[in-house]
Amino acid sequence: MPLVLASSSPYRRELLGRLRLPFAWQAPDIDESRHADEPAHALVRRLSLEKASALRQEYPQHLIIGSDQVAVLGEEILGKPHTFERAMQQLKAASGNSVTFLTGLTLLNSQTGEHQTDCIPFTVHFRELSDEQIARYLEAEQPYDCAGSFKSEGLGISLFRSTEGSDSNSLIGLPLIRLVDMLLANKIQIP
């Protein structure tokens, strides 16, 4: 069955391309608002399924991949900062602390409606960062469209003391190890 990535993210497209499988992509049109008292892990699972389901009518004979990610510091969900000031606040809060990235992943068979959905955690332990270090990093990389205010595939790695998790790709937004498991369960051959 052909693959569709329910995302407009260039980062997710690049990751999926590593599997060397042909795929189409399209941005799903869904409301990504958090429900009242919805835990972060439930939020990303729900949104990954909703993203995949939003494309089901347009792609009725496909396997649709949906993914959503949030960064969690303590009890607070960190969204995309969009501005220098908000990114500065997020990285100052992360300094010396740990941020867990929760990535919801769904593989939906649009023909049968069957789906696999999971939540994959990945934790980043930050170095102690000065305001000057943070400002230099933000000016150099401008990660304003990234949850947590950094790009781990770029200079963001210099902000970390260590990382832990089963798949570092989940930090960028698409946990490939778990996705391969899902694809193999659907009899998709990986080159």
# chains A, B, ... in the order shown; residues from 1 in each chain; ligands from 1

call {"tool": "residues_around", "arguments": {"residues": "stretch 112-125 of chain A", "least_positions_apart": "4", "cutoff": "6 Å", "atoms": "only C-alpha atoms", "output": "PyMOL selection string"}}
result
chain A and resi 97-108+160-165

call {"tool": "residues_around", "arguments": {"residues": "A:Ser53", "least_positions_apart": "2", "cutoff": "12 Å", "atoms": "only C-alpha atoms", "output": "ChimeraX atom specification"}}
result
/A:4-6,27-30,46-51,55-60,62-67,106-115,117

call {"tool": "residues_around", "arguments": {"residues": "A:Leu129", "least_positions_apart": "6", "cutoff": "9 Å", "atoms": "only C-alpha atoms", "output": "list in words"}}
result
Leu91, Lys92, Ala94, Ser95, Gly96 and Leu159 of chain A

call {"tool": "atom_distance", "arguments": {"atom1": "atom CA of A:Ser158", "atom2": "atom CA of A:Asp68"}}
result
24.7 Å

call {"tool": "select_by_dssp", "arguments": {"residues": "stretch 18-157 of chain A", "states": "strand (DSSP E)", "output": "tab-separated table (two decimals) with N, CA, C and O atoms, in the first residue's frame"}}
result
chain	number	residue	atom	x	y	z
A	23	PHE	N	6.67	8.05	-0.84
A	23	PHE	CA	5.53	8.53	-0.04
A	23	PHE	C	5.10	9.89	-0.55
A	23	PHE	O	5.87	10.64	-1.14
A	24	ALA	N	3.83	10.17	-0.30
A	24	ALA	CA	3.28	11.50	-0.54
A	24	ALA	C	3.13	12.16	0.82
A	24	ALA	O	3.20	11.50	1.86
A	25	TRP	N	2.92	13.46	0.82
A	25	TRP	CA	2.64	14.14	2.08
A	25	TRP	C	1.62	15.24	1.85
A	25	TRP	O	1.49	15.79	0.77
A	26	GLN	N	0.88	15.49	2.91
A	26	GLN	CA	-0.11	16.56	2.88
A	26	GLN	C	-0.35	17.00	4.32
A	26	GLN	O	-0.41	16.17	5.23
A	63	LEU	N	-1.59	3.69	3.56
A	63	LEU	CA	-1.15	3.70	4.96
A	63	LEU	C	-0.77	5.14	5.25
A	63	LEU	O	0.09	5.71	4.57
A	64	ILE	N	-1.43	5.73	6.24
A	64	ILE	CA	-1.22	7.14	6.55
A	64	ILE	C	-0.50	7.26	7.89
A	64	ILE	O	-0.92	6.67	8.89
A	65	ILE	N	0.58	8.03	7.87
A	65	ILE	CA	1.41	8.24	9.06
A	65	ILE	C	1.05	9.59	9.66
A	65	ILE	O	1.15	10.62	9.00
A	66	GLY	N	0.64	9.57	10.92
A	66	GLY	CA	0.39	10.80	11.66
A	66	GLY	C	1.36	10.89	12.82
A	66	GLY	O	1.69	9.87	13.44
A	67	SER	N	1.84	12.08	13.12
A	67	SER	CA	2.77	12.26	14.23
A	67	SER	C	2.55	13.62	14.86
A	67	SER	O	2.21	14.59	14.17
A	68	ASP	N	2.70	13.67	16.16
A	68	ASP	CA	2.60	14.94	16.88
A	68	ASP	C	3.56	14.89	18.05
A	68	ASP	O	3.82	13.82	18.61
A	69	GLN	N	4.10	16.04	18.41
A	69	GLN	CA	5.10	16.07	19.47
A	69	GLN	C	4.88	17.26	20.39
A	69	GLN	O	4.52	18.34	19.95
A	70	VAL	N	5.13	17.02	21.67
A	70	VAL	CA	5.20	18.11	22.64
A	70	VAL	C	6.45	17.91	23.49
A	70	VAL	O	6.95	16.80	23.65
A	71	ALA	N	6.95	19.01	24.00
A	71	ALA	CA	8.06	18.99	24.95
A	71	ALA	C	7.47	19.30	26.32
A	71	ALA	O	6.63	20.19	26.45
A	72	VAL	N	7.91	18.55	27.32
A	72	VAL	CA	7.37	18.72	28.67
A	72	VAL	C	8.51	19.01	29.64
A	72	VAL	O	9.49	18.25	29.70
A	73	LEU	N	8.37	20.11	30.36
A	73	LEU	CA	9.33	20.49	31.40
A	73	LEU	C	8.55	20.54	32.71
A	73	LEU	O	7.69	21.41	32.88
A	76	GLU	N	4.74	21.46	32.67
A	76	GLU	CA	4.40	22.42	31.62
A	76	GLU	C	4.73	21.88	30.23
A	76	GLU	O	5.80	21.34	29.99
A	77	ILE	N	3.77	22.01	29.32
A	77	ILE	CA	4.00	21.67	27.93
A	77	ILE	C	4.60	22.89	27.24
A	77	ILE	O	4.04	23.98	27.29
A	78	LEU	N	5.77	22.68	26.61
A	78	LEU	CA	6.43	23.76	25.88
A	78	LEU	C	6.05	23.66	24.41
A	78	LEU	O	6.32	22.65	23.77
A	98	SER	N	15.78	18.82	32.83
A	98	SER	CA	15.49	17.82	31.81
A	98	SER	C	14.16	18.12	31.15
A	98	SER	O	13.20	18.50	31.83
A	99	VAL	N	14.12	17.96	29.84
A	99	VAL	CA	12.90	18.15	29.05
A	99	VAL	C	12.60	16.82	28.36
A	99	VAL	O	13.48	16.25	27.73
A	100	THR	N	11.37	16.34	28.52
A	100	THR	CA	10.98	15.10	27.86
A	100	THR	C	10.12	15.43	26.65
A	100	THR	O	9.14	16.18	26.76
A	101	PHE	N	10.52	14.88	25.53
A	101	PHE	CA	9.76	15.04	24.29
A	101	PHE	C	8.90	13.80	24.12
A	101	PHE	O	9.41	12.68	24.15
A	102	LEU	N	7.61	14.02	23.98
A	102	LEU	CA	6.66	12.93	23.77
A	102	LEU	C	6.19	13.02	22.32
A	102	LEU	O	5.65	14.05	21.91
A	103	THR	N	6.41	11.96	21.58
A	103	THR	CA	6.02	11.93	20.17
A	103	THR	C	4.95	10.89	19.98
A	103	THR	O	5.17	9.70	20.21
A	104	GLY	N	3.77	11.35	19.58
A	104	GLY	CA	2.69	10.44	19.23
A	104	GLY	C	2.87	9.99	17.80
A	104	GLY	O	3.23	10.79	16.94
A	105	LEU	N	2.66	8.71	17.56
A	105	LEU	CA	2.83	8.14	16.23
A	105	LEU	C	1.66	7.22	15.92
A	105	LEU	O	1.31	6.36	16.74
A	106	THR	N	1.06	7.42	14.75
A	106	THR	CA	-0.03	6.56	14.28
A	106	THR	C	0.26	6.10	12.86
A	106	THR	O	0.70	6.89	12.03
A	107	LEU	N	-0.01	4.83	12.60
A	107	LEU	CA	-0.03	4.30	11.24
A	107	LEU	C	-1.44	3.78	11.02
A	107	LEU	O	-1.88	2.84	11.69
A	108	LEU	N	-2.17	4.44	10.11
A	108	LEU	CA	-3.57	4.15	9.83
A	108	LEU	C	-3.71	3.50	8.47
A	108	LEU	O	-3.23	4.04	7.47
A	109	ASN	N	-4.39	2.35	8.42
A	109	ASN	CA	-4.76	1.73	7.16
A	109	ASN	C	-6.09	2.36	6.76
A	109	ASN	O	-7.12	2.09	7.37
A	115	HIS	N	-5.60	0.85	12.96
A	115	HIS	CA	-4.45	1.71	13.19
A	115	HIS	C	-3.63	1.21	14.37
A	115	HIS	O	-4.12	0.48	15.23
A	116	GLN	N	-2.38	1.60	14.35
A	116	GLN	CA	-1.47	1.41	15.47
A	116	GLN	C	-1.10	2.80	15.96
A	116	GLN	O	-0.74	3.66	15.15
A	117	THR	N	-1.18	3.01	17.25
A	117	THR	CA	-0.84	4.32	17.82
A	117	THR	C	0.04	4.10	19.04
A	117	THR	O	-0.21	3.20	19.84
A	118	ASP	N	1.04	4.95	19.18
A	118	ASP	CA	1.97	4.83	20.30
A	118	ASP	C	2.45	6.21	20.70
A	118	ASP	O	2.26	7.20	19.97
A	119	CYS	N	3.09	6.28	21.85
A	119	CYS	CA	3.74	7.50	22.33
A	119	CYS	C	5.16	7.13	22.71
A	119	CYS	O	5.38	6.25	23.53
A	120	ILE	N	6.13	7.80	22.09
A	120	ILE	CA	7.54	7.48	22.28
A	120	ILE	C	8.21	8.65	23.01
A	120	ILE	O	8.22	9.78	22.51
A	121	PRO	N	8.76	8.41	24.21
A	121	PRO	CA	9.43	9.48	24.95
A	121	PRO	C	10.92	9.56	24.62
A	121	PRO	O	11.55	8.56	24.27
A	122	PHE	N	11.46	10.75	24.72
A	122	PHE	CA	12.90	10.96	24.59
A	122	PHE	C	13.25	12.15	25.48
A	122	PHE	O	12.60	13.20	25.40
A	123	THR	N	14.24	11.99	26.33
A	123	THR	CA	14.58	13.02	27.32
A	123	THR	C	15.92	13.67	27.01
A	123	THR	O	16.88	12.98	26.68
A	124	VAL	N	15.94	14.98	27.13
A	124	VAL	CA	17.15	15.78	26.94
A	124	VAL	C	17.50	16.41	28.28
A	124	VAL	O	16.65	17.04	28.91
A	125	HIS	N	18.74	16.19	28.72
A	125	HIS	CA	19.25	16.80	29.95
A	125	HIS	C	20.13	17.97	29.53
A	125	HIS	O	21.14	17.78	28.83
A	126	PHE	N	19.73	19.17	29.92
A	126	PHE	CA	20.41	20.39	29.49
A	126	PHE	C	21.58	20.74	30.40
A	126	PHE	O	21.55	20.52	31.60

call {"tool": "atom_distance", "arguments": {"atom1": "atom CA of A:Pro22", "atom2": "atom CA of A:Met182"}}
result
16.3 Å

call {"tool": "closest_residue", "arguments": {"among": "A:Leu184, A:Gln189, A:Glu85, A:Ala93", "to": "A:Gln142", "atoms": "only C-alpha atoms"}}
result
A:Glu85

call {"tool": "closest_residue", "arguments": {"among": "A:Ser7, A:Arg13, A:Pro2, A:Asp145", "to": "A:Leu176", "atoms": "only C-alpha atoms"}}
result
A:Arg13

call {"tool": "select_by_dssp", "arguments": {"residues": "stretch 35-91 of chain A", "states": "alpha helix (DSSP H)", "output": "list of chain:residue names"}}
result
A:Ala40, A:His41, A:Ala42, A:Leu43, A:Val44, A:Arg45, A:Arg46, A:Leu47, A:Ser48, A:Leu49, A:Glu50, A:Lys51, A:Ala52, A:Ser53, A:Ala54, A:Phe84, A:Glu85, A:Arg86, A:Ala87, A:Met88, A:Gln89, A:Gln90, A:Leu91

call {"tool": "write_last_selection", "arguments": {"atoms": "C-alpha atoms", "output": "PDB file, in the first residue's frame"}}
result
ATOM      1  CA  ALA A  40       0.586  15.295  27.380  1.00  0.00           C
ATOM      2  CA  HIS A  41       0.964  11.629  26.376  1.00  0.00           C
ATOM      3  CA  ALA A  42      -2.774  11.367  25.632  1.00  0.00           C
ATOM      4  CA  LEU A  43      -2.648  14.639  23.669  1.00  0.00           C
ATOM      5  CA  VAL A  44       0.076  13.473  21.267  1.00  0.00           C
ATOM      6  CA  ARG A  45      -1.531  10.058  20.773  1.00  0.00           C
ATOM      7  CA  ARG A  46      -4.894  11.684  20.002  1.00  0.00           C
ATOM      8  CA  LEU A  47      -3.437  14.286  17.651  1.00  0.00           C
ATOM      9  CA  SER A  48      -1.337  11.745  15.730  1.00  0.00           C
ATOM     10  CA  LEU A  49      -4.488   9.676  15.126  1.00  0.00           C
ATOM     11  CA  GLU A  50      -6.553  12.745  14.204  1.00  0.00           C
ATOM     12  CA  LYS A  51      -3.895  13.903  11.727  1.00  0.00           C
ATOM     13  CA  ALA A  52      -3.824  10.512  10.012  1.00  0.00           C
ATOM     14  CA  SER A  53      -7.630  10.233  10.057  1.00  0.00           C
ATOM     15  CA  ALA A  54      -8.039  13.709   8.533  1.00  0.00           C
ATOM     16  CA  PHE A  84      13.170  35.178  20.322  1.00  0.00           C
ATOM     17  CA  GLU A  85      11.729  36.267  23.670  1.00  0.00           C
ATOM     18  CA  ARG A  86       9.660  33.118  24.169  1.00  0.00           C
ATOM     19  CA  ALA A  87      12.561  30.901  23.038  1.00  0.00           C
ATOM     20  CA  MET A  88      14.815  32.663  25.538  1.00  0.00           C
ATOM     21  CA  GLN A  89      12.287  31.950  28.321  1.00  0.00           C
ATOM     22  CA  GLN A  90      12.016  28.273  27.351  1.00  0.00           C
ATOM     23  CA  LEU A  91      15.767  27.693  27.234  1.00  0.00           C
TER      24      LEU A  91
END

call {"tool": "atom_distance", "arguments": {"atom1": "atom CA of A:Asn169", "atom2": "atom CA of A:Leu19"}}
result
12.2 Å

call {"tool": "residues_around", "arguments": {"residues": "A:Glu14", "least_positions_apart": "4", "cutoff": "10 Å", "atoms": "only C-alpha atoms", "output": "PyMOL selection string"}}
result
chain A and resi 9-10+18-19+172+174
